[in-house]
Amino acid sequence: MAQRASTASKKSPQVTPQVTPQVTPQVNPPVSEQISPRVIKDLHERMVRIRLFETEAGKLMEAGKLPGFLHLYVGQEAVAAGVMTALRDDDQITSTHRGHGHAVAKGVGFREMYAELYGRVTGACLGRGGSMHINDLTRGMLGANGIVGAGVPIAVGAAFAARYKGEDNVAVTFFGDGATNIGAWHEGANMAAILGLPVVFVCENNGYAEFTPQSAHMLLTDVADRAAAYGMPSVIVDGMDAVAVHRAAVEAVERARRGEGPMMIEAKTYRFFDHQGVKGLRHPYRSAEEVAEWRTRDPIDLIEARAVADGTATRTELDDVWQRTRDEIAEAIAYAEASPLPDPADLLLNVYSG
Amino acid sequence: MAQRASTASKKSPQVTPQVTPQVTPQVNPPVSEQISPRVIKDLHERMVRIRLFETEAGKLMEAGKLPGFLHLYVGQEAVAAGVMTALRDDDQITSTHRGHGHAVAKGVGFREMYAELYGRVTGACLGRGGSMHINDLTRGMLGANGIVGAGVPIAVGAAFAARYKGEDNVAVTFFGDGATNIGAWHEGANMAAILGLPVVFVCENNGYAEFTPQSAHMLLTDVADRAAAYGMPSVIVDGMDAVAVHRAAVEAVERARRGEGPMMIEAKTYRFFDHQGVKGLRHPYRSAEEVAEWRTRDPIDLIEARAVADGTATRTELDDVWQRTRDEIAEAIAYAEASPLPDPADLLLNVYSG
Amino acid sequence: MTATTVTTTTNGAPAVATRKLTYVKAFNEGLAQAMREDENVFVAGEDVAGYGGVFRMFDNLLDEFGPRRMIDTPISEAALVGLGVGAAARGLRPVVDLMFMDFIGVCLDQIVNQAAKMKYMFGGGLSVPLTITTASGAGLGAAAQHSQSLEAWLAHVPGLKVVMPSDAYTAKGLTVSAIRDDNPVVVMLNKVLLGSTGEVPEEIYGIPLGQAHTARQGSDVTVIALGRMVGEALAAADELAAEGVEIEVIDPRTVQPLDTETMFASVRRTNRVLVVHEAVTFGGLGAEIAAQIQDVVFDYLDAPVLRIGAPFSPVPFSPVLEKAYVPDRARIAQGCRRLLERS
Amino acid sequence: MTATTVTTTTNGAPAVATRKLTYVKAFNEGLAQAMREDENVFVAGEDVAGYGGVFRMFDNLLDEFGPRRMIDTPISEAALVGLGVGAAARGLRPVVDLMFMDFIGVCLDQIVNQAAKMKYMFGGGLSVPLTITTASGAGLGAAAQHSQSLEAWLAHVPGLKVVMPSDAYTAKGLTVSAIRDDNPVVVMLNKVLLGSTGEVPEEIYGIPLGQAHTARQGSDVTVIALGRMVGEALAAADELAAEGVEIEVIDPRTVQPLDTETMFASVRRTNRVLVVHEAVTFGGLGAEIAAQIQDVVFDYLDAPVLRIGAPFSPVPFSPVLEKAYVPDRARIAQGCRRLLERS
Ligand SMILES: Cc1ncc(C[n+]2csc(CCOP(=O)(O)OP(=O)(O)O)c2C)c(N)n1
Ligand SMILES: Cc1ncc(C[n+]2csc(CCOP(=O)(O)OP(=O)(O)O)c2C)c(N)n1
Ligand SMILES: [Mg+2]
Ligand SMILES: [Mg+2]
């Protein structure tokens, strides 16, 4: 019998750390005429909101004002914006350790997010959770998560609940390239597939799991190839192109909503900051050229150029978005700083229900 | 962008139990001339040894002589025999809850196996482990395992040790169709692939995980399709044809031994008894026709017909193998029954080393 | 959520019409009634639907509730519990089955880091009314990976509740209460007890979580027994009664939250206490119980709290070893005698 | 395997030439020396090689030992521990890193059902000389899923050993002993201590596993402190000394096996004892220690054993809450005063 070739690339085993670029920017797919100006503006605004939320949070951390960890989403904004513009408010998402972008794009307020980062009682988690547990159940944000891959089965459960109740909302689970190596991811994908649940699997492939390049954690070039193991269709998109992400998401979400089961989207993207924090790197696990190359494809620059070229928006209109957002953020940070700390007497609040 | 079709079959989600056959017997591949009579005889003998070990164990259990669980391997003998004839004594295997076949084929003695089933101190585990923990480190049998999928990473570790020490032995991990749904399996497969380790992944696809047909636990027809998710090549063989399994195993083992990394073999097979024990079924999760159909392709009948037709062996020679084995088993059971029980005073023996 | 619908006598026997049922049938009946009571209850697990569960825990439920509410899943315990967490967070009341408690090692993250902590770390905006059922305990020759009693792990986790039914009556009532409860609750059935019988009311009833039950009153020694050890303690009580020794047997029923008040009150009367469980003694719940008792009722103790549990080894296979491994009535009786010898 | 190569004075300070090193550097040095000593030692984990570990635990080891012995792995903790189990079963001495102890929930099966039980249930034909390193503890605002102290789970598992280094000296010596030991040993480093400094000998040395260390002698109260709490207890001791109260501070160093003899001997002299750990009090190791002490030295106790641990909640994020959550010198001193008030 003939040996079945793997569909994947046959790289030689890789155990030494690599510093060469693992993910190269992709050519932008052709501009389609169909995309509505409203969506472009929506994508742009959500991306700006994420960008400014994150860069300001980074500054606050550098200034020593925020306790705990901070995994910044900067560079990946097109993914959160592209997916979230395809969702309704009652659609559910589960997120990761790098969850601010998803929360902002899903509509969680700046006030409760900053207040949470500051550990204030007005925060999204009453100051109990911090960056990695931000959630907003009224917005379908089922939480960031500190455990890699753990959000995946939870999204499957949310989708199960929707179908069980006869509701047509869908669940989206976000995860990184690195997360697809953990057991819970695999189990969740198969569970969604075999139960035919309305779950969209969004892989934000930024080429690294912490400091380990993709080539050192899997032999595949395209994480999307993993979907086939569950009988799940998949699509690869340019994760710096919010419109491309949006289109793929609309397709996957509507497919799920129609009851046709789960699907996977792989968005090729990049994080502009370090894995955690803003301090720069202890070891050069990514080359300066690689970072610079990706920065030339800043997802916000791309959509702004497009919007201006298309006539969707003027430069002034775009600048207004930045300014409005800046103001809102300044106000939110002031709110957070003025908010009271939790009372240690309430330490046992919410351990149990009822 | 075009949606990437899943390479897998697109079955509709399946949540209700099925009683229709999920695995249909395959046509025997053409007889090749190259297979040596020695190998055919070896395959035959190992299969007979497994068959008689198991049917006698089943009788002992029915007679109420054996405590604990008993997952019989009858029907799947071609897989263990086919793989083990491709291995050296110093090659390592990890097994499952259904491990007797692997142990017998790897050369573990009847005496210590029966003694273990009887819970005697002369058993393979000194009576501490029972059916699901039979092992023999002198034969490269790294143990049955009571936890589905748990043997997979352990085999990866054994392969790691071989390469680390500059030895050229390989590790084989056996698992069922159902086991490929658990996280440890996924993680182990990817770990072996990315580290390029000499591990052969042998899926014994008997169409069921306990009482759940494959169609209700995954959307794929061929478990082998999962190998591609790790950049691992795979091959599908008729698991009732010991020669076919042997050939695939030789190829995969030699490939691994040459340092070319892991490979997966899916053997389509069937278990003739129930998931556990010999008592027959509480619910008819498999149809009588399905069982009967598969029994027409009894792997021992197939190899005997072939051996006689080829002139590799006479009927008398084959009968001799059965008789010799029966005698050996009778002696081993007598040995086990005459063996002393463990002394409760030694309860804490072997909890720690040193 | 924890009110019981039957009047119980002081010794816990229901005062309503009952009939004999096995432990596993009592569990099954409680589950079925909870499913009838609340449309949001569903069951997921390996072979729970078509096969009715390898221990027959789910027999006939597929027939009554259909495949929408009885879900067979792949062998994927992490995803299975995660499915329960996500569904519970979205308002359902999942019952997720882990078959053998020993399998918890492959899905503990979802139980401990997700289900148990979610309400707290999310700031309280949701509840996780998840029930996890599982079979624990030794005695069937199932060996080291299929015989453990791991309640001490779970009881150490803020956010979880844990119940250990000791007979048919509690198998039903605690299961109903677990499902009605708004928190993640682990129901640890005992494998050896599955076929044991007891009087069980027909109607649905809950047994308050976190309330210990005095299974037998006595004045000489307080015996606190978990799960299957309750029956062993009652048997020891009969044996000791013949010697003129009256022991009080307390069944905590719920080990998290743990009703220590009932224990303290008993010890104040008996001044001697023995704790017995199947789990390994070192780090078992007996340690917590002993630590609390010596703390709170120190001055009432005429002897140190005595713990009986398994020795510090994995569960052995051979029945002769397994028998020596698991505590039983003889060791309990012996322990009581030792306690009484001490002045 | 557990003999130390340095002479130590009674208070545990080495009598050989030392210099100040941070806790994390001491760990790193011990590991490097153990790797030099035994070619079979290798390290695997996420970002342990190229990056040197997120806590810098493995800095420079890739340079010295190369990619054969320093292995970066995918995020696959179950396979990572399993790799260690299989390699250990085949004669290597793997050091496997779990980064944060909280991640143990995704790989506990390999630790508890495989590594810990293998020798026993296989009948003794092999050893599993596996070392698992991980960072535990609260205090960095890392919240509920990155701050736990879960030693009570592991110490409850026959077949495992567990060490909790309390300073730079023990971080090195216990790590060396863990690697030299023929059993699976979990080394629980403490995140807050990583940057703390202490005197550390240059040469390789082991600290005997299962041997407690009396970190300070005193006659009024015995304080048994785990991990980071040892330093807090010593600080409390200074505070109390100013009040004329002399406490004895015992650092078990290894919590499985646990050296209770040293504790009993101390309590026989002080008659009062306090146990303190970062983990949640309920079901924590303090319970086991209290249970054993009240059992064995019951007649020497002038007051119940007092336990101080975290309250029964997940670890909160906000520093103001986290500070209230984790025990500290003030609460220890307060506890000692309470014990002394009791007559
Ligand atoms: C189970 C588990 N293992 C390890 C970690 C530590 N960790 C946090 S983020 C991360 C890398 C995740 O990589 P990826 O999934 O690609 O996401 P990215 O950070 O690139 O967004 C790791 C290893 C964790 N949080 N949980
Ligand atoms: C982690 C875990 N989950 C569940 C089980 C219970 N169990 C034992 S065997 C089995 C089915 C295994 O199916 P498969 O892998 O196809 O092997 P087969 O029994 O068909 O040989 C299950 C669910 C287990 N032992 N371990
Ligand atoms: Mg990544
Ligand atoms: Mg199978």
# chains A, B, ... in the order shown; residues from 1 in each chain; ligands from 1

call {"tool": "interface_residues", "arguments": {"of": "chain D", "to": "chain B", "cutoff": "6 Å", "atoms": "only C-alpha atoms", "output": "list in words"}}
result
Ser76, Ala78, Ala79, Gly82, Leu83, Gly84, Val85, Gly86, Ala87, Arg90, Tyr120, Met121, Phe122, Gly123, Gly124, Gly159 and Asp182 of chain D

call {"tool": "residues_near_ligand", "arguments": {"ligand": "ligand 1", "cutoff": "8 Å", "atoms": "only C-alpha atoms and all ligand atoms", "output": "PyMOL selection string"}}
result
(chain A and resi 71+73+96-98+146-150+175-180+182+204-211+271+275) or (chain D and resi 46-47+74-77+98-100+103+106)

call {"tool": "select_by_dssp", "arguments": {"residues": "segment 110-201 of chain C", "states": "strand (DSSP E)", "output": "tab-separated table (two decimals) with C-alpha atoms, in the first residue's frame"}}
result
chain	number	residue	atom	x	y	z
C	131	THR	CA	-23.07	19.01	38.46
C	132	ILE	CA	-20.27	16.53	37.94
C	133	THR	CA	-21.07	12.92	38.70
C	134	THR	CA	-18.43	10.28	39.11
C	135	ALA	CA	-17.77	6.89	40.68
C	136	SER	CA	-15.04	6.63	43.28
C	161	LYS	CA	-19.04	21.78	46.56
C	162	VAL	CA	-18.56	18.06	47.05
C	163	VAL	CA	-21.04	15.43	48.20
C	185	VAL	CA	-21.04	20.39	42.74
C	186	VAL	CA	-19.18	17.11	42.43
C	187	VAL	CA	-21.26	14.05	43.28
C	188	MET	CA	-18.96	11.22	44.30
C	189	LEU	CA	-20.86	7.98	44.05
C	190	ASN	CA	-19.22	4.92	45.51
C	197	THR	CA	-30.34	-1.12	48.69
C	198	GLY	CA	-32.15	1.25	50.99
C	199	GLU	CA	-35.50	2.87	51.59
C	200	VAL	CA	-36.09	5.70	49.16
C	201	PRO	CA	-39.15	7.96	48.85

call {"tool": "closest_atom_pairs", "arguments": {"of": "chain C", "to": "chain D", "cutoff": "6 Å", "atoms": "only C-alpha atoms", "output": "tab-separated table"}}
result
residue	atom	partner	partner_atom	distance
C:Gly105	CA	D:Asp109	CA	4.1
C:Val106	CA	D:Asp109	CA	5.4
C:Leu108	CA	D:Gly105	CA	4.7
C:Asp109	CA	D:Gly105	CA	4.1
C:Trp153	CA	D:Trp153	CA	5.5
C:His156	CA	D:Gly283	CA	4.9
C:Pro158	CA	D:Ser313	CA	4.9
C:Phe282	CA	D:His156	CA	5.8
C:Gly283	CA	D:His156	CA	4.9
C:Ala287	CA	D:Glu288	CA	4.8
C:Glu288	CA	D:Ala287	CA	4.8
C:Ala290	CA	D:Ala291	CA	5.4
C:Ala291	CA	D:Ala291	CA	5.2
C:Gln294	CA	D:Pro304	CA	5.9
C:Asp295	CA	D:Pro304	CA	4.9
C:Pro304	CA	D:Asp295	CA	4.9
C:Phe312	CA	D:Pro158	CA	5.4
C:Ser313	CA	D:Pro158	CA	4.9

call {"tool": "write_last_selection", "arguments": {"atoms": "N, CA and C atoms", "output": "tab-separated table (two decimals), in the first residue's frame"}}
result
chain	number	residue	atom	x	y	z
C	105	GLY	N	-7.84	13.68	36.56
C	105	GLY	CA	-6.54	14.25	36.24
C	105	GLY	C	-6.44	14.82	34.84
C	106	VAL	N	-7.29	14.36	33.94
C	106	VAL	CA	-7.24	14.89	32.57
C	106	VAL	C	-8.13	16.11	32.37
C	108	LEU	N	-8.91	18.41	35.29
C	108	LEU	CA	-8.99	19.17	36.53
C	108	LEU	C	-8.93	20.67	36.28
C	109	ASP	N	-8.23	21.06	35.23
C	109	ASP	CA	-8.18	22.50	34.95
C	109	ASP	C	-9.58	23.08	34.77
C	153	TRP	N	-8.72	16.60	47.33
C	153	TRP	CA	-8.33	17.59	46.32
C	153	TRP	C	-9.44	18.62	46.11
C	156	HIS	N	-10.52	21.14	48.83
C	156	HIS	CA	-9.49	22.18	49.04
C	156	HIS	C	-9.68	23.35	48.07
C	158	PRO	N	-11.74	26.42	46.73
C	158	PRO	CA	-12.83	27.38	46.94
C	158	PRO	C	-13.68	27.50	45.68
C	282	PHE	N	-2.84	10.37	54.78
C	282	PHE	CA	-2.01	11.58	54.71
C	282	PHE	C	-2.66	12.60	53.78
C	283	GLY	N	-2.99	13.74	54.32
C	283	GLY	CA	-3.59	14.80	53.50
C	283	GLY	C	-5.04	14.55	53.16
C	287	ALA	N	-7.70	14.78	58.07
C	287	ALA	CA	-6.76	15.75	58.62
C	287	ALA	C	-7.48	17.07	58.91
C	288	GLU	N	-8.27	17.51	57.96
C	288	GLU	CA	-9.00	18.77	58.16
C	288	GLU	C	-9.97	18.65	59.33
C	290	ALA	N	-9.86	16.55	61.83
C	290	ALA	CA	-9.11	16.45	63.09
C	290	ALA	C	-8.57	17.82	63.50
C	291	ALA	N	-8.06	18.56	62.51
C	291	ALA	CA	-7.48	19.86	62.82
C	291	ALA	C	-8.55	20.81	63.37
C	294	GLN	N	-9.67	19.51	67.03
C	294	GLN	CA	-8.71	19.81	68.11
C	294	GLN	C	-8.63	21.32	68.35
C	295	ASP	N	-8.95	22.09	67.33
C	295	ASP	CA	-8.91	23.53	67.50
C	295	ASP	C	-10.11	24.01	68.33
C	304	PRO	N	-6.59	12.07	71.63
C	304	PRO	CA	-6.42	12.71	70.32
C	304	PRO	C	-7.44	12.17	69.32
C	312	PHE	N	-0.27	4.77	52.80
C	312	PHE	CA	0.29	5.66	51.78
C	312	PHE	C	0.85	4.86	50.61
C	313	SER	N	-0.06	4.34	49.81
C	313	SER	CA	0.33	3.64	48.58
C	313	SER	C	-0.81	3.77	47.57

call {"tool": "atom_distance", "arguments": {"atom1": "atom CA of Val176 of chain D", "atom2": "atom CA of Ile207 of chain D"}}
result
7.7 Å

call {"tool": "select_by_dssp", "arguments": {"residues": "segment 104-238 of chain B", "states": "alpha helix (DSSP H)", "output": "MDAnalysis selection string"}}
result
chainID B and resid 104:106 110:117 151:164 183:195

call {"tool": "atom_distance", "arguments": {"atom1": "atom CA of Arg180 of chain D", "atom2": "atom CA of Phe55 of chain D"}}
result
23.2 Å

call {"tool": "closest_residue", "arguments": {"among": "D:Ala178, D:Leu21, D:Met229, D:Leu234", "to": "His277 of chain D", "atoms": "only C-alpha atoms"}}
result
D:Met229
